[in-house]
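So this one's query-v2.cif, mmCIF, C-alpha atoms and all ligand atoms:
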```cif
data_final
loop_
_atom_site.label_atom_id
_atom_site.label_comp_id
_atom_site.auth_asym_id
_atom_site.auth_seq_id
_atom_site.Cartn_x
_atom_site.Cartn_y
_atom_site.Cartn_z
CA MET W 1 -45.41 12.69 9.88
CA GLU W 2 -42.24 14.57 9.12
CA ASN W 3 -41.18 11.96 6.54
CA LYS W 4 -44.14 12.87 4.31
CA THR W 5 -42.53 16.17 3.50
CA LEU W 6 -39.04 14.76 2.87
CA SER W 7 -37.89 13.56 -0.54
CA LEU W 8 -37.01 9.87 -0.90
CA GLU W 9 -33.32 10.86 -1.11
CA ASP W 10 -33.54 12.78 2.18
CA GLN W 11 -35.37 9.94 3.91
CA PHE W 12 -32.70 7.58 2.64
CA GLN W 13 -29.90 9.82 3.91
CA ASN W 14 -31.64 10.02 7.30
CA ARG W 15 -31.69 6.23 7.54
CA ILE W 16 -27.97 6.12 6.74
CA ASP W 17 -27.20 8.91 9.22
CA SER W 18 -29.04 7.10 11.99
CA GLY W 19 -26.94 3.97 11.35
CA GLU W 20 -29.63 1.77 9.77
CA ASN W 21 -28.61 -0.92 7.29
CA ILE W 22 -30.07 -0.72 3.80
CA GLU W 23 -31.47 -4.03 2.56
CA ALA W 24 -31.91 -5.35 -1.00
CA LYS W 25 -35.64 -4.60 -1.23
CA ASP W 26 -35.42 -1.11 0.25
CA TRP W 27 -35.66 1.98 -1.92
CA MET W 28 -32.21 3.36 -2.75
CA PRO W 29 -30.88 6.07 -5.05
CA GLU W 30 -29.72 4.66 -8.38
CA LYS W 31 -26.21 5.96 -7.74
CA TYR W 32 -26.03 4.12 -4.40
CA ARG W 33 -27.01 0.90 -6.18
CA LYS W 34 -24.50 1.44 -9.00
CA THR W 35 -21.67 2.38 -6.62
CA HIS W 36 -22.25 -0.82 -4.71
CA ILE W 37 -22.35 -2.97 -7.82
CA ARG W 38 -19.06 -1.34 -8.86
CA GLN W 39 -17.31 -1.77 -5.53
CA ILE W 40 -18.65 -5.23 -4.60
CA SER W 41 -17.97 -6.64 -8.06
CA GLN W 42 -14.43 -5.20 -8.16
CA HIS W 43 -13.91 -6.74 -4.76
CA ALA W 44 -15.27 -10.14 -5.91
CA HIS W 45 -13.09 -10.06 -9.03
CA SER W 46 -10.07 -9.25 -6.82
CA GLU W 47 -10.71 -12.34 -4.72
CA VAL W 48 -11.05 -14.51 -7.82
CA VAL W 49 -8.02 -13.11 -9.65
CA GLY W 50 -6.19 -13.08 -6.29
CA MET W 51 -6.21 -16.88 -6.34
CA LEU W 52 -3.89 -16.94 -9.35
CA PRO W 53 -0.59 -15.60 -7.96
CA GLU W 54 -0.82 -17.93 -4.95
CA GLY W 55 -2.30 -20.92 -6.78
CA ASN W 56 0.92 -20.79 -8.75
CA TRP W 57 2.80 -21.89 -5.59
CA ILE W 58 0.57 -24.67 -4.21
CA SER W 59 2.48 -27.39 -6.04
CA ARG W 60 5.82 -25.87 -4.96
CA ALA W 61 5.14 -25.25 -1.25
CA PRO W 62 8.16 -26.48 0.74
CA SER W 63 6.28 -28.83 3.12
CA LEU W 64 2.95 -30.59 3.52
CA ARG W 65 1.95 -28.15 6.29
CA ARG W 66 2.68 -25.14 4.07
CA LYS W 67 0.84 -26.73 1.15
CA VAL W 68 -2.29 -27.43 3.21
CA ALA W 69 -2.36 -23.89 4.62
CA LEU W 70 -1.87 -22.28 1.20
CA LEU W 71 -4.49 -24.52 -0.36
CA ALA W 72 -6.97 -23.57 2.38
CA LYS W 73 -6.21 -19.88 1.85
CA VAL W 74 -6.79 -20.05 -1.88
CA GLN W 75 -10.03 -21.98 -1.36
CA ASP W 76 -11.18 -19.29 1.10
CA GLU W 77 -10.58 -16.69 -1.60
CA ALA W 78 -12.82 -18.61 -4.01
CA GLY W 79 -15.47 -18.60 -1.28
CA HIS W 80 -15.08 -14.85 -0.72
CA GLY W 81 -15.56 -14.28 -4.44
CA LEU W 82 -18.79 -16.30 -4.32
CA TYR W 83 -20.28 -14.49 -1.29
CA LEU W 84 -19.45 -11.18 -2.90
CA TYR W 85 -20.91 -12.08 -6.30
CA SER W 86 -24.08 -13.12 -4.43
CA ALA W 87 -24.14 -9.77 -2.59
CA ALA W 88 -23.75 -7.95 -5.95
CA GLU W 89 -26.59 -10.02 -7.44
CA THR W 90 -29.00 -8.71 -4.78
CA LEU W 91 -28.61 -5.32 -6.51
CA GLY W 92 -29.98 -6.57 -9.81
CA ILE W 93 -26.95 -7.62 -11.84
CA SER W 94 -26.57 -11.21 -13.02
CA ARG W 95 -23.63 -13.52 -12.37
CA GLU W 96 -23.22 -13.96 -16.16
CA GLU W 97 -22.85 -10.22 -16.62
CA LEU W 98 -20.33 -9.98 -13.79
CA ASN W 99 -18.27 -12.81 -15.27
CA GLU W 100 -18.44 -11.27 -18.69
CA GLN W 101 -17.19 -7.93 -17.33
CA LEU W 102 -14.17 -9.64 -15.76
CA ASN W 103 -13.33 -11.97 -18.64
CA SER W 104 -13.61 -9.24 -21.28
CA GLY W 105 -11.18 -7.02 -19.33
CA ARG W 106 -13.80 -4.28 -18.79
CA ALA W 107 -13.95 -4.73 -15.01
CA LYS W 108 -11.36 -3.49 -12.56
CA TYR W 109 -9.80 -5.68 -9.88
CA SER W 110 -7.11 -4.85 -7.34
CA SER W 111 -3.86 -3.62 -8.90
CA ILE W 112 -1.87 -5.81 -6.51
CA PHE W 113 -2.63 -9.01 -8.38
CA ASN W 114 -0.86 -7.82 -11.51
CA TYR W 115 2.55 -8.34 -9.91
CA PRO W 116 4.37 -11.69 -10.26
CA THR W 117 5.08 -14.10 -7.39
CA VAL W 118 8.64 -15.19 -8.11
CA SER W 119 9.86 -16.84 -4.89
CA TRP W 120 8.45 -18.77 -1.92
CA ALA W 121 9.04 -15.66 0.24
CA ASP W 122 6.43 -13.95 -1.94
CA MET W 123 3.83 -16.29 -0.39
CA GLY W 124 4.87 -14.90 2.98
CA ALA W 125 4.86 -11.29 1.79
CA VAL W 126 1.50 -11.61 0.02
CA GLY W 127 -0.21 -13.18 3.03
CA TRP W 128 1.34 -10.72 5.45
CA LEU W 129 1.19 -7.45 3.47
CA VAL W 130 -1.58 -7.96 0.91
CA ASP W 131 -4.00 -9.71 3.25
CA GLY W 132 -2.87 -7.35 6.00
CA ALA W 133 -3.82 -4.36 3.83
CA ALA W 134 -7.03 -6.11 2.80
CA ILE W 135 -8.10 -6.60 6.45
CA ILE W 136 -7.49 -2.96 7.33
CA ASN W 137 -9.75 -1.95 4.46
CA GLN W 138 -12.30 -4.69 5.05
CA VAL W 139 -12.84 -4.42 8.80
CA MET W 140 -14.45 -1.05 8.12
CA LEU W 141 -16.64 -2.74 5.49
CA THR W 142 -18.24 -5.02 8.13
CA LYS W 143 -20.03 -1.82 9.19
CA THR W 144 -20.80 -0.58 5.70
CA SER W 145 -24.37 0.61 5.14
CA TYR W 146 -25.53 -2.09 2.68
CA GLY W 147 -26.63 -5.13 4.73
CA PRO W 148 -25.72 -8.02 2.35
CA TYR W 149 -22.21 -6.57 1.81
CA ALA W 150 -21.62 -5.88 5.51
CA ARG W 151 -22.70 -9.42 6.47
CA ALA W 152 -20.49 -11.05 3.84
CA MET W 153 -17.56 -9.02 5.14
CA VAL W 154 -17.88 -10.36 8.70
CA ARG W 155 -16.97 -13.89 7.64
CA ILE W 156 -14.44 -12.72 5.09
CA CYS W 157 -12.54 -10.72 7.72
CA LYS W 158 -12.28 -13.71 10.05
CA GLU W 159 -10.70 -15.72 7.25
CA GLU W 160 -8.43 -12.85 6.13
CA SER W 161 -7.06 -12.72 9.64
CA PHE W 162 -5.91 -16.37 9.32
CA HIS W 163 -4.41 -15.53 5.91
CA GLN W 164 -2.41 -12.64 7.30
CA ARG W 165 -1.01 -14.78 10.09
CA GLN W 166 -0.07 -17.64 7.78
CA GLY W 167 1.87 -15.13 5.65
CA TYR W 168 3.62 -13.55 8.62
CA GLU W 169 4.54 -16.96 9.98
CA ILE W 170 6.22 -17.84 6.68
CA MET W 171 8.20 -14.58 6.91
CA LEU W 172 9.17 -15.29 10.55
CA SER W 173 10.45 -18.76 9.68
CA LEU W 174 12.45 -17.48 6.73
CA CYS W 175 13.89 -14.56 8.69
CA ASN W 176 14.99 -16.92 11.45
CA GLY W 177 16.53 -19.25 8.86
CA THR W 178 19.67 -19.01 6.73
CA GLU W 179 21.20 -15.82 5.34
CA ALA W 180 19.85 -16.77 1.91
CA GLN W 181 16.31 -17.18 3.31
CA LYS W 182 16.50 -13.81 5.04
CA ALA W 183 17.76 -12.20 1.83
CA MET W 184 14.86 -13.79 -0.07
CA SER W 185 12.45 -12.26 2.50
CA GLN W 186 14.00 -8.80 2.16
CA ASP W 187 13.73 -9.08 -1.62
CA ALA W 188 10.04 -10.00 -1.31
CA LEU W 189 9.42 -7.07 1.05
CA ASN W 190 11.21 -4.73 -1.37
CA ARG W 191 8.95 -5.79 -4.23
CA TRP W 192 5.60 -5.95 -2.34
CA TRP W 193 5.82 -2.92 -0.05
CA TRP W 194 4.93 -0.18 -2.54
CA PRO W 195 2.28 -2.16 -4.48
CA SER W 196 0.64 -2.96 -1.09
CA MET W 197 0.57 0.77 -0.28
CA MET W 198 -1.17 1.34 -3.62
CA MET W 199 -3.94 -1.14 -2.79
CA PHE W 200 -5.77 1.53 -0.76
CA GLY W 201 -6.37 3.50 -3.94
CA PRO W 202 -5.43 7.04 -5.04
CA ARG W 203 -4.75 9.88 -2.58
CA ASP W 204 -7.93 11.36 -1.13
CA GLU W 205 -7.69 14.47 -3.30
CA GLU W 206 -7.48 12.26 -6.42
CA SER W 207 -10.23 9.83 -5.36
CA PRO W 208 -13.45 10.71 -7.20
CA ASN W 209 -15.65 8.26 -5.26
CA THR W 210 -14.60 8.86 -1.65
CA GLU W 211 -16.72 11.91 -0.77
CA GLN W 212 -20.06 10.39 -1.78
CA SER W 213 -19.12 6.95 -0.45
CA MET W 214 -18.29 8.46 2.97
CA LYS W 215 -21.62 10.29 2.98
CA TRP W 216 -23.47 7.04 2.33
CA LYS W 217 -21.26 5.16 4.82
CA ILE W 218 -20.13 2.78 2.10
CA LYS W 219 -16.65 3.80 3.17
CA LYS W 220 -16.06 4.74 6.80
CA LYS W 221 -12.44 5.82 6.37
CA THR W 222 -10.68 7.44 3.44
CA ASN W 223 -7.97 5.83 1.31
CA ASP W 224 -5.24 7.91 2.98
CA GLU W 225 -6.47 7.19 6.51
CA LEU W 226 -6.40 3.45 5.83
CA ARG W 227 -2.98 3.65 4.16
CA GLN W 228 -1.57 5.46 7.22
CA GLN W 229 -3.08 2.80 9.50
CA PHE W 230 -1.36 0.12 7.39
CA VAL W 231 2.05 1.81 7.72
CA ASP W 232 1.69 2.39 11.46
CA GLN W 233 0.65 -1.20 12.03
CA THR W 234 3.14 -2.88 9.69
CA VAL W 235 6.43 -1.09 10.42
CA PRO W 236 6.77 -2.65 13.92
CA GLN W 237 6.15 -6.06 12.33
CA VAL W 238 8.99 -5.38 9.86
CA GLU W 239 11.25 -4.57 12.80
CA ILE W 240 10.42 -7.87 14.53
CA LEU W 241 11.46 -9.67 11.34
CA GLY W 242 14.75 -7.74 11.30
CA LEU W 243 14.03 -6.45 7.78
CA THR W 244 14.11 -2.93 6.33
CA VAL W 245 11.20 -1.07 4.74
CA PRO W 246 12.31 0.02 1.24
CA ASP W 247 11.53 3.69 1.92
CA LYS W 248 14.35 6.08 2.86
CA ASP W 249 11.81 8.71 3.94
CA LEU W 250 10.05 6.48 6.45
CA LYS W 251 10.33 8.10 9.87
CA TRP W 252 8.35 8.17 13.12
CA ASN W 253 6.79 11.59 13.68
CA ASP W 254 6.35 12.41 17.39
CA GLU W 255 4.08 15.34 16.66
CA THR W 256 1.51 13.46 14.59
CA GLY W 257 1.96 10.12 16.37
CA HIS W 258 2.28 8.42 12.98
CA TYR W 259 5.01 7.37 10.56
CA ASP W 260 5.83 9.77 7.74
CA PHE W 261 6.53 7.96 4.50
CA GLY W 262 7.87 8.62 0.99
CA THR W 263 6.01 9.37 -2.23
CA ILE W 264 4.09 6.60 -3.95
CA ASP W 265 4.73 6.17 -7.68
CA TRP W 266 1.22 7.00 -8.86
CA ASP W 267 2.21 6.68 -12.52
CA GLU W 268 3.00 3.04 -11.88
CA PHE W 269 -0.34 2.61 -10.06
CA TRP W 270 -2.44 4.04 -12.90
CA ASP W 271 -0.42 2.14 -15.47
CA VAL W 272 -1.23 -1.14 -13.71
CA VAL W 273 -4.91 -0.17 -13.24
CA LYS W 274 -5.14 0.60 -16.97
CA GLY W 275 -3.95 -2.91 -17.81
CA ASN W 276 -0.23 -2.41 -18.41
CA GLY W 277 1.15 -4.20 -15.35
CA LEU W 278 3.55 -7.12 -15.64
CA MET W 279 0.82 -9.73 -15.22
CA ASN W 280 -2.45 -8.11 -16.42
CA GLU W 281 -2.51 -10.00 -19.69
CA LYS W 282 -1.64 -13.35 -18.13
CA ARG W 283 -4.24 -12.95 -15.37
CA LEU W 284 -7.02 -12.34 -17.90
CA LYS W 285 -5.84 -15.19 -20.11
CA ASP W 286 -5.85 -17.58 -17.12
CA ARG W 287 -9.32 -16.45 -16.01
CA ASN W 288 -10.71 -16.95 -19.50
CA GLU W 289 -9.16 -20.42 -19.77
CA ALA W 290 -10.54 -21.38 -16.34
CA TRP W 291 -13.98 -20.14 -17.41
CA ASP W 292 -13.92 -22.13 -20.67
CA GLU W 293 -12.55 -25.27 -19.05
CA GLY W 294 -15.17 -25.06 -16.28
CA LYS W 295 -18.10 -25.12 -18.73
CA TRP W 296 -18.77 -28.85 -18.24
CA VAL W 297 -19.01 -28.30 -14.46
CA ARG W 298 -21.49 -25.42 -14.86
CA ASP W 299 -23.53 -27.45 -17.39
CA GLY W 300 -23.57 -30.46 -15.05
CA ALA W 301 -24.61 -28.36 -12.05
CA SER W 302 -27.44 -26.65 -14.00
CA ALA W 303 -28.69 -29.99 -15.38
CA TYR W 304 -28.74 -31.36 -11.80
CA ALA W 305 -30.55 -28.26 -10.49
CA ASP W 306 -33.14 -28.54 -13.31
CA LYS W 307 -33.74 -32.20 -12.48
CA GLN W 308 -34.19 -31.44 -8.78
CA ALA W 309 -36.64 -28.63 -9.62
CA GLU W 310 -38.59 -31.02 -11.89
CA LYS W 311 -38.78 -33.61 -9.10
CA ARG W 312 -40.01 -31.00 -6.63
CA ALA W 313 -42.63 -29.79 -9.10
CA LYS W 314 -43.89 -33.37 -9.63
CA LYS W 315 -44.14 -33.93 -5.87
CA THR W 316 -46.21 -30.79 -5.31
CA ALA W 317 -48.42 -31.37 -8.42
N1 LIG K 1 -6.62 -1.37 -7.89
O1 LIG K 1 -12.32 6.86 -6.05
P1 LIG K 1 -11.48 5.69 -5.65
C1 LIG K 1 -8.47 -8.85 -1.79
C2 LIG K 1 -9.92 2.44 -8.75
S1 LIG K 1 -7.89 -7.30 -1.48
C3 LIG K 1 -7.40 -1.14 -8.97
O2 LIG K 1 -10.65 5.86 -4.42
P2 LIG K 1 -13.18 3.76 -4.33
C4 LIG K 1 -7.61 -10.03 -1.58
C5 LIG K 1 -11.34 2.52 -8.20
O3 LIG K 1 -12.02 1.32 -8.39
C6 LIG K 1 -8.38 -6.17 -2.72
N2 LIG K 1 -8.26 -0.10 -9.05
O4 LIG K 1 -12.41 4.40 -5.57
C7 LIG K 1 -6.55 -10.02 -0.74
C8 LIG K 1 -11.89 3.67 -9.02
O5 LIG K 1 -12.21 3.22 -10.33
P3 LIG K 1 -13.73 3.30 -10.95
C9 LIG K 1 -9.82 -5.94 -2.96
C10 LIG K 1 -8.32 0.73 -7.99
O6 LIG K 1 -13.97 2.62 -4.83
C11 LIG K 1 -5.74 -11.13 -0.63
C12 LIG K 1 -10.68 4.58 -9.19
O7 LIG K 1 -9.53 3.77 -8.97
N3 LIG K 1 -10.46 -5.16 -1.93
O8 LIG K 1 -9.54 -8.95 -2.24
O9 LIG K 1 -13.90 4.81 -3.53
C13 LIG K 1 -5.99 -12.25 -1.38
C14 LIG K 1 -10.68 5.74 -8.22
O10 LIG K 1 -10.53 5.29 -6.86
C15 LIG K 1 -7.55 0.54 -6.83
C16 LIG K 1 -11.52 -4.42 -2.22
O11 LIG K 1 -11.95 -4.36 -3.34
C17 LIG K 1 -6.66 -0.55 -6.80
N4 LIG K 1 -5.86 -0.80 -5.76
O12 LIG K 1 -12.00 3.21 -3.36
C18 LIG K 1 -7.09 -12.29 -2.23
C19 LIG K 1 -12.18 -3.73 -1.04
N5 LIG K 1 -7.83 1.54 -5.95
O13 LIG K 1 -14.46 2.14 -10.39
C20 LIG K 1 -7.90 -11.17 -2.34
C21 LIG K 1 -13.42 -2.97 -1.43
C22 LIG K 1 -8.73 2.32 -6.54
O14 LIG K 1 -14.31 4.61 -10.48
N6 LIG K 1 -13.13 -1.78 -2.19
N7 LIG K 1 -9.02 1.85 -7.78
O15 LIG K 1 -13.52 3.19 -12.42
C23 LIG K 1 -12.83 -0.60 -1.62
O16 LIG K 1 -12.77 -0.44 -0.42
C24 LIG K 1 -12.67 0.59 -2.56
O17 LIG K 1 -13.25 0.25 -3.80
C25 LIG K 1 -11.18 1.02 -2.76
C26 LIG K 1 -11.15 2.18 -3.79
C27 LIG K 1 -10.61 1.51 -1.45
C28 LIG K 1 -10.33 -0.13 -3.31
#
```
Taking this structure as input, can you express it in the form of structure tokens?
Amino acid sequence: MENKTLSLEDQFQNRIDSGENIEAKDWMPEKYRKTHIRQISQHAHSEVVGMLPEGNWISRAPSLRRKVALLAKVQDEAGHGLYLYSAAETLGISREELNEQLNSGRAKYSSIFNYPTVSWADMGAVGWLVDGAAIINQVMLTKTSYGPYARAMVRICKEESFHQRQGYEIMLSLCNGTEAQKAMSQDALNRWWWPSMMMFGPRDEESPNTEQSMKWKIKKKTNDELRQQFVDQTVPQVEILGLTVPDKDLKWNDETGHYDFGTIDWDEFWDVVKGNGLMNEKRLKDRNEAWDEGKWVRDGASAYADKQAEKRAKKTA
């Protein structure tokens, strides 16, 4: 009765406020749809581009066990990309368009993947810190208001948890190894710490999307809240490894019950986001080559799908 007098926007907000999931066929404000296409597609692109820095090390993993684990991790990331592209497609954008946005360089993907992986310890640091940061962000997304995205995130988070552990286990082995291995781990931590902190996005006061996304329960915590959670959770893990966080201002604060930390270099962050990071150009080049070289697979799969559809049509005729 009451709903008859409410605008569609207000009814929609009421559904969100009462914790209901929004499904693909439900009415939604255009901005809600567009925000989701933006976030889910950036997330999917991050998974796909995220395969490149680690794929680079599969052939150089130091043992069969390490190679198998890394291979499985990279395959999982391909799978995450596919679930997420499917979730984005439910909002009315095609896979072709999404691919075109990535390959042309118009789409954003996580800044973290524009840094190079120069040593085996980087495989440890990426799994531990990058997947660790990803889980902190993504656990909240299992409860996000858009049903297809939330459901995709449940499986993704389970797999990310394995990824984080495989990275930390590499770090533990190296830190319990020779002096040179420990030094290699410290060097990896030094290079990945700050870029991992940047993964959570700009400070809340500089984040244009957070306010609306919190209102629509797309985001359940702000960028700064998640970043703080990452620091609080990761510093004790650094201590177990016997390494040092490359931040002279890092200090436990008894009053707040959190670690205080130094200033992030936001100029570097925006520079990387705008395409000027060390690896931006190479990542796009590699994605475009993979796309072109994969054409025969896509053609084969579509020809097979067409044939199957023809067979089914004949059977039912
Ligand atoms: N890199 O208003 P804001 C993974 C952009 S992990 C590049 O705060 P929002 C993986 C942002 O898009 C990584 N761009 O935005 C791990 C926005 O630009 P537009 C992927 C960034 O969306 C291991 C502008 O800055 N995870 O996949 O409210 C192996 C203003 O920011 C970044 C996800 O994508 C960044 N770090 O919050 C393999 C999780 N940060 O679009 C793979 C889902 C911000 O307005 N995404 N920007 O032009 C999210 O939770 C949110 O989109 C973010 C940003 C927290 C990332």
Taking all atoms listed in the file and a cut-off of 6 Å, can you tell me which residues surround ligand LIG 1 (chain K), written as a compact mmCIF listing (two decimals) with C-alpha atoms, keeping the file's coordinate frame?
```txt
# COMPACT_ATOMS: atom_id res chain seq x y z
CA ARG W 38 -19.06 -1.34 -8.86
CA GLN W 39 -17.31 -1.77 -5.53
CA GLN W 42 -14.43 -5.20 -8.16
CA HIS W 43 -13.91 -6.74 -4.76
CA SER W 46 -10.07 -9.25 -6.82
CA GLU W 47 -10.71 -12.34 -4.72
CA GLY W 50 -6.19 -13.08 -6.29
CA GLU W 77 -10.58 -16.69 -1.60
CA LYS W 108 -11.36 -3.49 -12.56
CA TYR W 109 -9.80 -5.68 -9.88
CA SER W 110 -7.11 -4.85 -7.34
CA SER W 111 -3.86 -3.62 -8.90
CA VAL W 130 -1.58 -7.96 0.91
CA ASP W 131 -4.00 -9.71 3.25
CA ALA W 134 -7.03 -6.11 2.80
CA ASN W 137 -9.75 -1.95 4.46
CA MET W 198 -1.17 1.34 -3.62
CA MET W 199 -3.94 -1.14 -2.79
CA PHE W 200 -5.77 1.53 -0.76
CA GLY W 201 -6.37 3.50 -3.94
CA PRO W 202 -5.43 7.04 -5.04
CA SER W 207 -10.23 9.83 -5.36
CA PRO W 208 -13.45 10.71 -7.20
CA ASN W 209 -15.65 8.26 -5.26
CA THR W 210 -14.60 8.86 -1.65
CA ASN W 223 -7.97 5.83 1.31
CA VAL W 273 -4.91 -0.17 -13.24
```
Worksheet entry | Test item: residues at most 12 Å from Met51 (chain W), all atoms listed in the file, excluding those fewer than 4 positions along its chain, as an NGL selection string | :W and (44-47 or 55-58 or 70-81 or 112-114 or 117 or 123 or 126-127 or 283 or 286-287 or 290)
Discussion item. List the spatial neighbours of region 254-269 of chain W as a list in words - criterion: any atom at most 9 Å away, only C-alpha atoms, same-chain residues fewer than 2 positions off excluded.
Written reply: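 Here the qualifying residues turn out to be Ser111, Trp194, Pro195, Met197, Met198, Met199, Gly201, Pro202, Gln228, Gln229, Val231, Asp232, Val235, Asp247, Lys248, Asp249, Leu250, Lys251, Trp252, Asp271, Val272, Val273, Lys274 and Gly277 of chain W.
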Worksheet item: Can you tell me how far CA of Val245 (chain W) sits from CA of Trp193 (chain W), in Å to one decimal?
Response: 7.4 Å
With a cut-off of 12 Å, could you pull out the residues of region 198-256 of chain W touching region 147-169 of chain W and give me the nearest pair of atoms for each, distance in Å to one decimal, using all atoms listed in the file, ordered by chain and ascending number, as CSV?
```
residue,atom,partner,partner_atom,distance
W:Lys217,CA,W:Ala150,CA,11.1
W:Ile218,CA,W:Ala150,CA,9.4
W:Lys219,CA,W:Ala150,CA,11.1
W:Thr234,CA,W:Tyr168,CA,10.7
W:Gln237,CA,W:Tyr168,CA,8.7
W:Val238,CA,W:Tyr168,CA,9.9
W:Ile240,CA,W:Tyr168,CA,10.7
W:Leu241,CA,W:Tyr168,CA,9.2
```
Discussion item. If I take CA of Lys314 (chain W) and CA of Ala301 (chain W), how far is one from the other in Å, to one decimal?
Written reply: 20.1 Å
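Proximity of W:Ile22, W:Tyr115, W:Ser145, W:Ser63 to Asn276 (chain W), computed with all atoms listed in the file, is greatest for W:Tyr115.
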Practice prompt. Do a neighbour search on Pro29 (chain W) at 9 Å with all atoms listed in the file, toss out local chain neighbours closer than 5 positions, and write the hits as a list in words.
Written response: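 My list of contacting residues is Leu8, Glu9, Phe12 and Lys34 of chain W.
Closest to Asn288 (chain W) among W:Leu102, W:Ile136, W:Ile40, W:Met214 is W:Leu102, based on all atoms listed in the file.
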Worksheet item: Could you work out how far CA of Tyr146 (chain W) lies from CA of Glu96 (chain W), giving the answer in Å with one decimal?
Response: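 That distance, rounded to one decimal, is 22.4 Å.
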Practice prompt. Point out the residue among W:Ser213, W:Thr244, W:Thr35, W:Ser41 with the least atom-to-atom distance to Gln186 (chain W), counting all atoms listed in the file.
Written response: W:Thr244
Discussion item. My list of candidates is W:Asp17, W:Met140, W:Ser59, W:Val297. Which is closest to Glu225 (chain W) when distances are computed with all atoms listed in the file?
Written reply: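 Closest candidate: W:Met140.
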Would you compute an axis-aligned box for region 141-159 of chain W, covering every atom listed for it in the file with 6 Å of margin on each side, and report centre and edge lengths in Å to one decimal as JSON?
```
{"center_x": -18.7, "center_y": -7.6, "center_z": 5.9, "size_x": 27.9, "size_y": 28.3, "size_z": 20.2}
```
Worksheet item: From the set W:Leu226, W:Leu84, W:Leu284, W:Ile16, which residue has the shortest atom-to-atom contact distance to Glu100 (chain W), counting all atoms listed in the file?
Response: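 Among the listed residues, the smallest separation from Glu100 (chain W) belongs to W:Leu284.
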